[in-house]
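Asks: Below is the file my_file23.txt, which contains compact mmCIF, C-alpha atoms and all ligand atoms.
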```txt
# COMPACT_ATOMS: atom_id res chain seq x y z
CA MET U 1 0.00 0.00 0.00
CA GLU U 2 1.65 3.27 -1.11
CA ALA U 3 1.80 6.28 1.16
CA LYS U 4 -0.60 9.05 0.20
CA LEU U 5 1.24 12.21 -0.82
CA GLY U 6 0.31 15.59 0.59
CA ARG U 7 0.32 18.75 -1.53
CA VAL U 8 2.26 18.36 -4.78
CA VAL U 9 2.96 21.01 -7.45
CA ILE U 10 3.32 20.17 -11.15
CA THR U 11 5.02 22.81 -13.34
CA GLY U 12 4.45 22.62 -17.11
CA VAL U 13 1.30 20.60 -16.58
CA ALA U 14 -0.27 21.81 -19.86
CA GLY U 15 2.31 20.03 -22.04
CA ARG U 16 2.47 16.47 -23.42
CA VAL U 17 3.69 14.71 -20.27
CA GLY U 18 1.71 16.84 -17.79
CA PRO U 19 -1.72 15.19 -18.13
CA THR U 20 -0.28 11.72 -17.35
CA VAL U 21 1.46 13.00 -14.21
CA ARG U 22 -1.66 14.94 -13.25
CA ALA U 23 -3.87 11.87 -13.59
CA ALA U 24 -1.47 9.79 -11.45
CA LEU U 25 -1.33 12.44 -8.73
CA HIS U 26 -5.09 12.98 -8.79
CA ARG U 27 -5.26 9.59 -7.12
CA ASP U 28 -2.07 9.64 -5.05
CA ALA U 29 -1.91 13.20 -3.67
CA GLU U 30 -4.19 15.04 -1.29
CA HIS U 31 -3.90 18.25 -3.30
CA VAL U 32 -2.33 19.05 -6.66
CA VAL U 33 -1.25 22.56 -7.71
CA LEU U 34 -1.19 22.98 -11.49
CA VAL U 35 1.34 25.55 -12.71
CA ASP U 36 1.91 26.59 -16.32
CA ARG U 37 2.29 29.81 -18.28
CA GLU U 38 -0.71 28.60 -20.29
CA SER U 39 -4.16 28.61 -18.68
CA VAL U 40 -5.18 25.36 -17.00
CA THR U 41 -8.53 24.57 -15.40
CA ALA U 42 -8.66 22.86 -12.01
CA ASP U 43 -10.84 19.77 -11.89
CA GLY U 44 -12.50 19.34 -8.51
CA ALA U 45 -11.65 20.41 -4.99
CA ASN U 46 -8.26 18.68 -4.79
CA GLU U 47 -6.72 20.76 -7.58
CA THR U 48 -5.65 24.43 -7.73
CA ALA U 49 -4.60 26.02 -11.03
CA LEU U 50 -2.08 28.88 -11.04
CA LYS U 51 -0.87 30.66 -14.15
CA ALA U 52 2.81 31.45 -13.63
CA ASP U 53 6.01 31.71 -15.61
CA ILE U 54 9.03 29.87 -14.21
CA ALA U 55 11.00 33.05 -14.91
CA ASP U 56 9.16 34.55 -11.89
CA LEU U 57 10.86 33.20 -8.77
CA GLY U 58 8.50 35.05 -6.41
CA ALA U 59 5.39 33.63 -8.09
CA LEU U 60 6.90 30.14 -7.96
CA ALA U 61 7.75 30.45 -4.25
CA ARG U 62 4.15 31.52 -3.52
CA SER U 63 2.73 28.64 -5.54
CA PHE U 64 4.99 26.19 -3.64
CA GLU U 65 3.80 27.28 -0.15
CA GLY U 66 2.72 24.25 1.88
CA ALA U 67 3.81 21.76 -0.80
CA GLU U 68 5.84 18.68 0.13
CA ALA U 69 7.02 18.04 -3.44
CA VAL U 70 7.31 19.60 -6.89
CA VAL U 71 7.35 17.77 -10.22
CA HIS U 72 9.13 20.18 -12.56
CA LEU U 73 8.13 19.57 -16.19
CA ALA U 74 8.02 23.15 -17.50
CA GLY U 75 10.58 24.09 -20.09
CA LEU U 76 11.65 23.91 -23.70
CA SER U 77 11.37 20.26 -24.68
CA GLY U 78 13.65 20.24 -27.73
CA GLU U 79 16.48 21.94 -29.59
CA ALA U 80 16.25 25.75 -29.51
CA PRO U 81 18.52 28.79 -29.56
CA PHE U 82 21.00 28.48 -26.70
CA ALA U 83 19.93 31.75 -25.05
CA ASP U 84 16.35 30.49 -24.83
CA LEU U 85 17.49 27.15 -23.39
CA LEU U 86 19.60 28.98 -20.81
CA ASP U 87 16.67 31.21 -19.81
CA THR U 88 13.98 28.56 -19.66
CA ASN U 89 15.70 25.29 -18.82
CA VAL U 90 18.70 26.47 -16.78
CA GLN U 91 17.59 29.71 -15.11
CA GLY U 92 14.04 28.29 -14.91
CA THR U 93 15.25 25.15 -13.11
CA PHE U 94 17.35 27.30 -10.77
CA ASN U 95 14.20 29.34 -9.99
CA VAL U 96 12.22 26.16 -9.26
CA LEU U 97 14.91 24.75 -6.94
CA GLU U 98 15.45 28.06 -5.18
CA ALA U 99 11.68 28.63 -4.78
CA ALA U 100 11.43 25.09 -3.37
CA ARG U 101 14.20 25.82 -0.86
CA ARG U 102 12.55 29.09 0.21
CA ALA U 103 9.12 27.47 0.56
CA GLY U 104 10.46 24.50 2.57
CA VAL U 105 9.58 21.90 -0.08
CA ARG U 106 11.12 18.51 0.76
CA ARG U 107 11.55 16.95 -2.69
CA VAL U 108 11.82 18.10 -6.30
CA VAL U 109 11.52 15.75 -9.28
CA LEU U 110 13.21 17.21 -12.37
CA ALA U 111 12.19 16.15 -15.88
CA SER U 112 15.62 15.54 -17.34
CA SER U 113 16.15 13.75 -20.64
CA ASN U 114 17.85 10.71 -22.09
CA ARG U 115 19.46 13.23 -24.40
CA VAL U 116 22.01 14.16 -21.71
CA THR U 117 23.74 11.02 -22.99
CA GLY U 118 22.38 10.99 -26.56
CA ASN U 119 25.82 11.03 -28.18
CA TYR U 120 26.81 7.62 -26.81
CA PRO U 121 26.67 5.11 -29.67
CA ILE U 122 23.67 2.80 -29.85
CA HIS U 123 25.76 -0.26 -28.90
CA HIS U 124 26.89 1.30 -25.60
CA HIS U 125 24.73 0.39 -22.57
CA VAL U 126 24.71 3.58 -20.49
CA PHE U 127 24.65 3.71 -16.69
CA PRO U 128 23.32 6.89 -15.08
CA ASP U 129 26.68 7.71 -13.46
CA GLU U 130 28.63 7.76 -16.74
CA PRO U 131 29.84 11.17 -17.97
CA PRO U 132 27.26 13.16 -19.92
CA ARG U 133 27.51 13.17 -23.72
CA PRO U 134 24.65 15.50 -24.67
CA ASP U 135 23.44 15.22 -28.26
CA GLY U 136 22.77 18.95 -28.64
CA LEU U 137 22.24 22.25 -26.88
CA TYR U 138 18.97 21.02 -25.37
CA GLY U 139 20.85 18.08 -23.82
CA VAL U 140 23.46 20.52 -22.48
CA SER U 141 20.68 22.51 -20.78
CA LYS U 142 19.44 19.31 -19.12
CA VAL U 143 22.98 18.44 -17.94
CA ALA U 144 23.09 21.88 -16.32
CA SER U 145 19.68 21.40 -14.72
CA GLU U 146 20.80 18.05 -13.27
CA ALA U 147 23.93 19.77 -11.91
CA LEU U 148 21.75 22.40 -10.25
CA GLY U 149 19.71 19.60 -8.67
CA GLN U 150 22.87 17.89 -7.38
CA MET U 151 24.10 21.18 -5.90
CA TYR U 152 20.77 21.88 -4.16
CA ALA U 153 20.85 18.37 -2.71
CA ASP U 154 24.46 18.57 -1.49
CA THR U 155 24.40 22.17 -0.29
CA PHE U 156 20.86 22.62 1.02
CA GLY U 157 19.65 19.08 1.71
CA LEU U 158 16.82 19.32 -0.82
CA GLU U 159 15.84 15.83 -2.03
CA VAL U 160 16.17 15.81 -5.82
CA VAL U 161 15.39 13.11 -8.38
CA ALA U 162 16.35 13.76 -12.01
CA LEU U 163 14.32 11.45 -14.22
CA ARG U 164 15.94 11.10 -17.65
CA LEU U 165 12.76 10.52 -19.60
CA GLY U 166 12.94 8.44 -22.78
CA SER U 167 10.47 9.06 -25.64
CA PHE U 168 7.09 9.63 -24.02
CA GLU U 169 4.48 8.41 -26.50
CA GLU U 170 1.19 6.51 -26.39
CA GLU U 171 2.88 3.96 -28.65
CA PRO U 172 6.18 3.81 -30.56
CA THR U 173 5.92 5.73 -33.85
CA GLU U 174 9.47 5.29 -35.19
CA THR U 175 12.26 2.68 -35.11
CA ARG U 176 14.28 4.47 -32.40
CA HIS U 177 11.32 4.19 -30.04
CA LEU U 178 11.85 0.41 -29.89
CA ALA U 179 14.78 1.36 -27.62
CA THR U 180 13.66 4.69 -26.15
CA TRP U 181 9.88 4.40 -25.59
CA LEU U 182 8.46 5.52 -22.25
CA SER U 183 4.84 4.44 -21.98
CA PRO U 184 2.34 6.63 -20.10
CA ARG U 185 1.89 3.83 -17.53
CA ASP U 186 5.64 3.60 -16.87
CA CYS U 187 5.95 7.40 -16.84
CA ALA U 188 3.34 7.55 -14.07
CA GLY U 189 5.14 4.72 -12.24
CA PHE U 190 8.52 6.43 -12.39
CA VAL U 191 7.15 9.79 -11.21
CA ARG U 192 5.23 8.16 -8.35
CA ALA U 193 8.41 6.30 -7.31
CA ALA U 194 10.51 9.46 -7.62
CA LEU U 195 8.09 11.22 -5.25
CA THR U 196 7.87 8.45 -2.66
CA ALA U 197 11.23 6.58 -2.62
CA PRO U 198 12.90 6.71 0.82
CA ASN U 199 16.47 7.84 1.57
CA VAL U 200 16.91 10.13 -1.41
CA SER U 201 19.57 12.85 -1.55
CA PHE U 202 20.21 13.13 -5.29
CA VAL U 203 19.29 10.42 -7.78
CA ALA U 204 19.61 10.50 -11.58
CA ALA U 205 17.76 7.64 -13.24
CA TYR U 206 16.58 6.75 -16.74
CA ALA U 207 12.80 6.62 -17.02
CA VAL U 208 12.28 4.25 -19.92
CA SER U 209 9.98 1.30 -20.46
CA ALA U 210 11.37 -2.23 -20.17
CA ASN U 211 12.14 -2.29 -23.89
CA ALA U 212 14.18 -5.32 -24.92
CA ARG U 213 16.32 -3.04 -27.12
CA ARG U 214 16.78 -0.19 -24.59
CA PHE U 215 20.14 1.60 -24.32
CA TRP U 216 19.96 2.54 -20.67
CA ASP U 217 20.46 0.80 -17.37
CA LEU U 218 17.40 0.29 -15.22
CA ALA U 219 19.03 -1.37 -12.20
CA GLY U 220 20.12 1.91 -10.61
CA GLY U 221 16.64 3.35 -10.91
CA GLU U 222 15.15 0.16 -9.55
CA SER U 223 17.44 -0.01 -6.53
CA GLU U 224 17.23 3.71 -5.74
CA LEU U 225 13.62 4.43 -6.67
CA GLY U 226 12.08 0.96 -6.40
CA TYR U 227 10.28 1.04 -9.75
CA ARG U 228 10.58 -1.68 -12.38
CA PRO U 229 8.90 -0.66 -15.65
CA VAL U 230 6.32 -3.00 -17.16
CA ASP U 231 5.85 -2.13 -20.85
CA ASP U 232 8.09 -3.28 -23.73
CA ALA U 233 8.13 -1.64 -27.17
CA ALA U 234 9.03 -5.07 -28.64
CA ARG U 235 5.25 -5.64 -28.79
CA PHE U 236 5.21 -3.09 -31.66
CA ALA U 237 8.38 -4.30 -33.44
CA ALA U 238 6.51 -5.84 -36.38
CA GLY U 239 5.58 -2.30 -37.49
CA PHE U 240 9.21 -1.28 -38.06
CA PRO U 241 11.81 -2.71 -40.49
CA ASP U 242 14.54 -4.87 -38.87
CA ASP U 243 17.14 -3.52 -41.29
CA ASP U 244 16.47 0.16 -40.48
CA PRO U 245 19.83 2.03 -40.83
CA PHE U 246 19.30 3.29 -37.27
CA TRP U 247 20.45 -0.12 -35.97
CA HIS U 248 23.69 -0.02 -38.02
CA GLY U 249 25.34 2.43 -35.60
CA GLY U 250 25.44 6.11 -34.76
CA PRO U 251 24.32 8.09 -31.75
CA GLN U 252 21.45 7.03 -29.48
CA GLY U 253 19.88 10.44 -30.13
CA GLY U 254 19.34 9.41 -33.77
CA ALA U 255 18.02 12.34 -35.82
CA TYR U 256 18.27 14.61 -32.76
CA ALA U 257 22.08 14.25 -32.76
CA GLY U 258 24.73 15.58 -35.13
CA PRO U 259 25.59 18.92 -36.69
CA ASP U 260 22.50 19.09 -38.92
CA ALA U 261 20.28 19.05 -35.84
CA VAL U 262 22.28 21.63 -33.90
CA LEU U 263 23.71 24.06 -36.47
CA PRO U 264 20.50 26.00 -37.18
CA TYR U 265 20.37 27.00 -33.52
CA VAL U 266 24.06 27.85 -33.29
CA ARG U 267 23.70 30.07 -36.34
CA ASP U 268 20.69 31.79 -34.75
CA GLU U 269 22.96 33.25 -32.09
N1 LIG L 301 8.04 14.29 -24.08
C1 LIG L 301 9.15 13.57 -23.95
O1 LIG L 301 9.30 12.50 -24.56
C2 LIG L 301 10.25 14.04 -23.03
C3 LIG L 301 11.42 13.28 -22.99
C4 LIG L 301 12.46 13.69 -22.17
C5 LIG L 301 12.32 14.82 -21.37
N2 LIG L 301 11.17 15.52 -21.43
C6 LIG L 301 11.06 16.71 -20.56
O2 LIG L 301 9.86 16.61 -19.82
C7 LIG L 301 9.27 17.89 -19.66
C8 LIG L 301 7.86 17.88 -20.22
O3 LIG L 301 7.94 17.50 -21.57
P1 LIG L 301 6.69 17.71 -22.55
O4 LIG L 301 6.93 16.83 -23.71
O5 LIG L 301 5.43 17.64 -21.79
O6 LIG L 301 6.99 19.22 -23.00
P2 LIG L 301 5.97 20.23 -23.72
O7 LIG L 301 6.80 21.14 -24.55
O8 LIG L 301 4.85 19.50 -24.34
O9 LIG L 301 5.37 21.05 -22.49
C9 LIG L 301 6.14 21.97 -21.75
C10 LIG L 301 5.17 22.77 -20.88
O10 LIG L 301 5.96 23.73 -20.17
C11 LIG L 301 5.28 24.97 -20.24
N3 LIG L 301 6.28 26.04 -20.17
C12 LIG L 301 7.28 26.28 -21.06
N4 LIG L 301 7.97 27.36 -20.67
C13 LIG L 301 7.40 27.80 -19.52
C14 LIG L 301 7.68 28.87 -18.65
N5 LIG L 301 8.67 29.75 -18.89
N6 LIG L 301 6.90 29.02 -17.54
C15 LIG L 301 5.89 28.15 -17.30
N7 LIG L 301 5.58 27.13 -18.10
C16 LIG L 301 6.33 26.95 -19.20
C17 LIG L 301 4.57 24.98 -21.58
O11 LIG L 301 3.49 25.91 -21.58
C18 LIG L 301 4.11 23.52 -21.68
O12 LIG L 301 2.84 23.36 -21.09
C19 LIG L 301 10.21 18.88 -20.35
O13 LIG L 301 11.08 19.43 -19.38
C20 LIG L 301 10.98 18.01 -21.33
O14 LIG L 301 12.26 18.56 -21.61
C21 LIG L 301 10.14 15.17 -22.24
O1 LIG L 302 14.51 11.28 -26.93
C1 LIG L 302 13.37 11.56 -27.26
O2 LIG L 302 12.73 10.91 -28.11
C2 LIG L 302 12.67 12.73 -26.57
O3 LIG L 302 13.60 13.45 -25.81
C3 LIG L 302 13.00 14.45 -25.03
O4 LIG L 302 13.98 15.11 -24.25
C4 LIG L 302 12.27 15.46 -25.88
O5 LIG L 302 11.57 16.37 -25.04
C5 LIG L 302 11.29 14.74 -26.77
O6 LIG L 302 10.69 15.67 -27.65
C6 LIG L 302 11.99 13.65 -27.54
O7 LIG L 302 11.06 12.96 -28.26
```
Just give me the structure as structure tokens.
Replies:
Amino acid sequence: MEAKLGRVVITGVAGRVGPTVRAALHRDAEHVVLVDRESVTADGANETALKADIADLGALARSFEGAEAVVHLAGLSGEAPFADLLDTNVQGTFNVLEAARRAGVRRVVLASSNRVTGNYPIHHHVFPDEPPRPDGLYGVSKVASEALGQMYADTFGLEVVALRLGSFEEEPTETRHLATWLSPRDCAGFVRAALTAPNVSFVAAYAVSANARRFWDLAGGESELGYRPVDDAARFAAGFPDDDPFWHGGPQGGAYAGPDAVLPYVRDE
């Protein structure tokens, strides 16, 4: 029987991942505070909706009052000009952690990304404590946000879990997803575990389904967070060609990695 959570804040709840986390917490938390810069409507007495930008530290600190945990999803979720990534993903994550510290929040779950290690080749099985090899500027911003989380844990005793999400999709839609898919059910399971696992200081763990072809180690996440994913993209393998060039080699980030993916944003600067 899992412990019921108290008041939990979700930032970036209006995006793709947000509704799955919201639905999980609707059941598991006493009260859920929905934060986004877009308008969100609260559903029932155990939700509060607050429109706020993560650039606004004061607004964040007010929205975190009385919360025991924050699930931080808000941010730019793909490659973008570096200045924008610094503002939203790095400064924004700093604001969330600092607002959490000021408001006395116990735990923060950061939505990091598999793309912090997206430049490891597909035949390399990556453990969460290996050096980062980000596949682009977005991945760099997530490395920095994980580092902020580690610093807030070490320096201020905030409990921080950085979940390196795989490819969150209802179902795999491309070959790479046979390795990287994160099903909604497993996403909810990882977030619930990240919120409730005991003895956490700082944990970085891959949040990926139990895909037979996955690139990332699950044992660390299982021992530190206590969640073993249940879905496997292999169920959908018949829909994708076995001889797809993706499996011949190259970076785990696939089309997200390499100069063609990054150069447009470098040139924007
Ligand atoms: N979807 C995936 O497969 C995936 C994989 C790895 C990591 N992630 C990470 O998980 C998080 C959620 O991903 P998603 O796919 O739902 O992203 P998304 O782009 O669909 O949603 C992001 C949300 O953040 C909000 N937001 C953006 N900037 C904001 C700001 N300055 N202030 C307040 N709100 C702001 C947006 O309004 C939006 O609702 C992101 O941090 C992303 O980097 C997602
Ligand atoms: O690796 C992936 O597939 C995913 O990585 C995440 O960080 C991105 O937010 C998402 O858009 C990608 O689809």
Asks: If you count only C-alpha atoms, which residues fall within 9 Å of Val71 in chain U, apart from same-chain ones fewer than 3 positions away, as a VMD selection string?
Replies: chain U and resid 8 to 12 21 107 to 111 191 195
Asks: Please identify every polymer residue within 7 Å of ligand LIG 302 (chain L), using only C-alpha atoms and all ligand atoms, and present the set as JSON, numbers by chain.
Replies: {"U": [77, 78, 113, 114, 115, 165, 166, 167, 168, 180, 253]}
Asks: Would you mind telling me which residue in U:Ala179, U:Val32, U:Val266, U:Ala59 lies nearest to Ile122 in chain U when using only C-alpha atoms?
Replies: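 Smallest separation from Ile122 in chain U among the options: U:Ala179.
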Asks: Which residue, U:Pro184, U:Gly66, U:Gly6, U:Pro131, has the smallest gap to ligand LIG 301 (chain L) when you use only C-alpha atoms and all ligand atoms?
Replies: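 The shortest atom-to-atom distance to ligand LIG 301 (chain L) comes from U:Pro184.
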Asks: To one decimal place, how far is CA of Val105 in chain U from CA of Ala219 in chain U in Å?
Replies: 27.9 Å
Asks: I'd like the interatomic distance between atom C17 of ligand LIG 301 (chain L) and CA of Gly75 in chain U, to a tenth of an Å.
Replies: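 Going from atom C17 of ligand LIG 301 (chain L) over to CA of Gly75 in chain U, I get 6.3 Å.
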Asks: Which residue, U:Val262, U:Val70, U:Val203, U:Ala24, has the smallest gap to Asp129 in chain U when you use all atoms listed in the file?
Replies: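 Once distances to Asp129 in chain U are computed over all atoms listed in the file, the minimum belongs to U:Val203.
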Asks: Kindly extract all protein, DNA and RNA residues lying within 12 Å of the coordinates (23.8, 21.9, -35.6) given in the file, considering all atoms listed in the file, and supply them as a list in words.
Replies: Glu79, Ala80, Pro81, Phe82, Asp135, Gly136, Leu137, Tyr138, Ala255, Tyr256, Ala257, Gly258, Pro259, Asp260, Ala261, Val262, Leu263, Pro264, Tyr265, Val266, Arg267, Asp268 and Glu269 of chain U
Asks: Based on the selection just made, write C-alpha atoms of those residues as a tab-separated table (two decimals), keeping the file's coordinate frame.
Replies:
```tsv
chain	number	residue	atom	x	y	z
U	79	GLU	CA	16.48	21.94	-29.59
U	80	ALA	CA	16.25	25.75	-29.51
U	81	PRO	CA	18.52	28.79	-29.56
U	82	PHE	CA	21.00	28.48	-26.70
U	135	ASP	CA	23.44	15.22	-28.26
U	136	GLY	CA	22.77	18.95	-28.64
U	137	LEU	CA	22.24	22.25	-26.88
U	138	TYR	CA	18.97	21.02	-25.37
U	255	ALA	CA	18.02	12.34	-35.82
U	256	TYR	CA	18.27	14.61	-32.76
U	257	ALA	CA	22.08	14.25	-32.76
U	258	GLY	CA	24.73	15.58	-35.13
U	259	PRO	CA	25.59	18.92	-36.69
U	260	ASP	CA	22.50	19.09	-38.92
U	261	ALA	CA	20.28	19.05	-35.84
U	262	VAL	CA	22.28	21.63	-33.90
U	263	LEU	CA	23.71	24.06	-36.47
U	264	PRO	CA	20.50	26.00	-37.18
U	265	TYR	CA	20.37	27.00	-33.52
U	266	VAL	CA	24.06	27.85	-33.29
U	267	ARG	CA	23.70	30.07	-36.34
U	268	ASP	CA	20.69	31.79	-34.75
U	269	GLU	CA	22.96	33.25	-32.09
```
Asks: Edge lengths and centre in Å to one decimal, as JSON, of the axis-aligned box that encloses all listed atoms of range 131-149 of chain U with 5 Å added on every side?
Replies:
```
{"center_x": 24.4, "center_y": 16.8, "center_z": -18.7, "size_x": 20.9, "size_y": 21.3, "size_z": 30.0}
```
Asks: So which residues touch Ala210 in chain U within 6 Å, counting only C-alpha atoms, skipping near sequence neighbours fewer than 3 positions away, as an mmCIF file with C-alpha atoms, keeping the file's coordinate frame?
Replies:
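And here's around.cif as it stands now:
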```cif
data_model
loop_
_atom_site.group_PDB
_atom_site.id
_atom_site.type_symbol
_atom_site.label_atom_id
_atom_site.label_comp_id
_atom_site.auth_asym_id
_atom_site.auth_seq_id
_atom_site.Cartn_x
_atom_site.Cartn_y
_atom_site.Cartn_z
ATOM 1 C CA PRO U 229 8.900 -0.660 -15.650
ATOM 2 C CA VAL U 230 6.320 -3.000 -17.160
ATOM 3 C CA ASP U 231 5.850 -2.130 -20.850
ATOM 4 C CA ASP U 232 8.090 -3.280 -23.730
#
```
Asks: Which distance in Å separates CA of Val17 in chain U and CA of Ser39 in chain U, to one decimal?
Replies: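 That distance, rounded to one decimal, is 16.0 Å.
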Asks: If we count all atoms listed in the file, what is near Ser141 in chain U at a cut-off of 8 Å, once residues fewer than 2 positions away on the same chain are taken out, given as a list in words?
Replies: Leu85, Leu86, Asn89, Val90, Leu137, Tyr138, Gly139, Val143, Ala144 and Ser145 of chain U
Asks: Once you count all atoms listed in the file, which residues end up no further than 10 Å from (18.8, 0.1, -11.8) in the file's frame, shown as an MDAnalysis selection string?
Replies: chainID U and resid 127:128 205:206 216:228
Asks: Go through U:Lys4, U:Asp84, U:Thr20, U:Asn46 one by one, measure the shortest atom-to-atom distance of each to Arg185 in chain U using only C-alpha atoms, and give the residue with the smallest value.
Replies: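 Distance minimum relative to Arg185 in chain U lands on U:Thr20.
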Asks: If we count all atoms listed in the file, what is near range 197-200 of chain U at a cut-off of 6 Å, once residues fewer than 2 positions away on the same chain are taken out, given as a ChimeraX atom specification?
Replies: /U:159,193-194,202,225
Asks: Could you check the closest approach to Glu146 in chain U for each of U:Leu178, U:Trp247, U:Ser183, U:Leu97 and tell me which residue wins, using all atoms listed in the file?
Replies: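 For Glu146 in chain U, the nearest of the candidates is U:Leu97.
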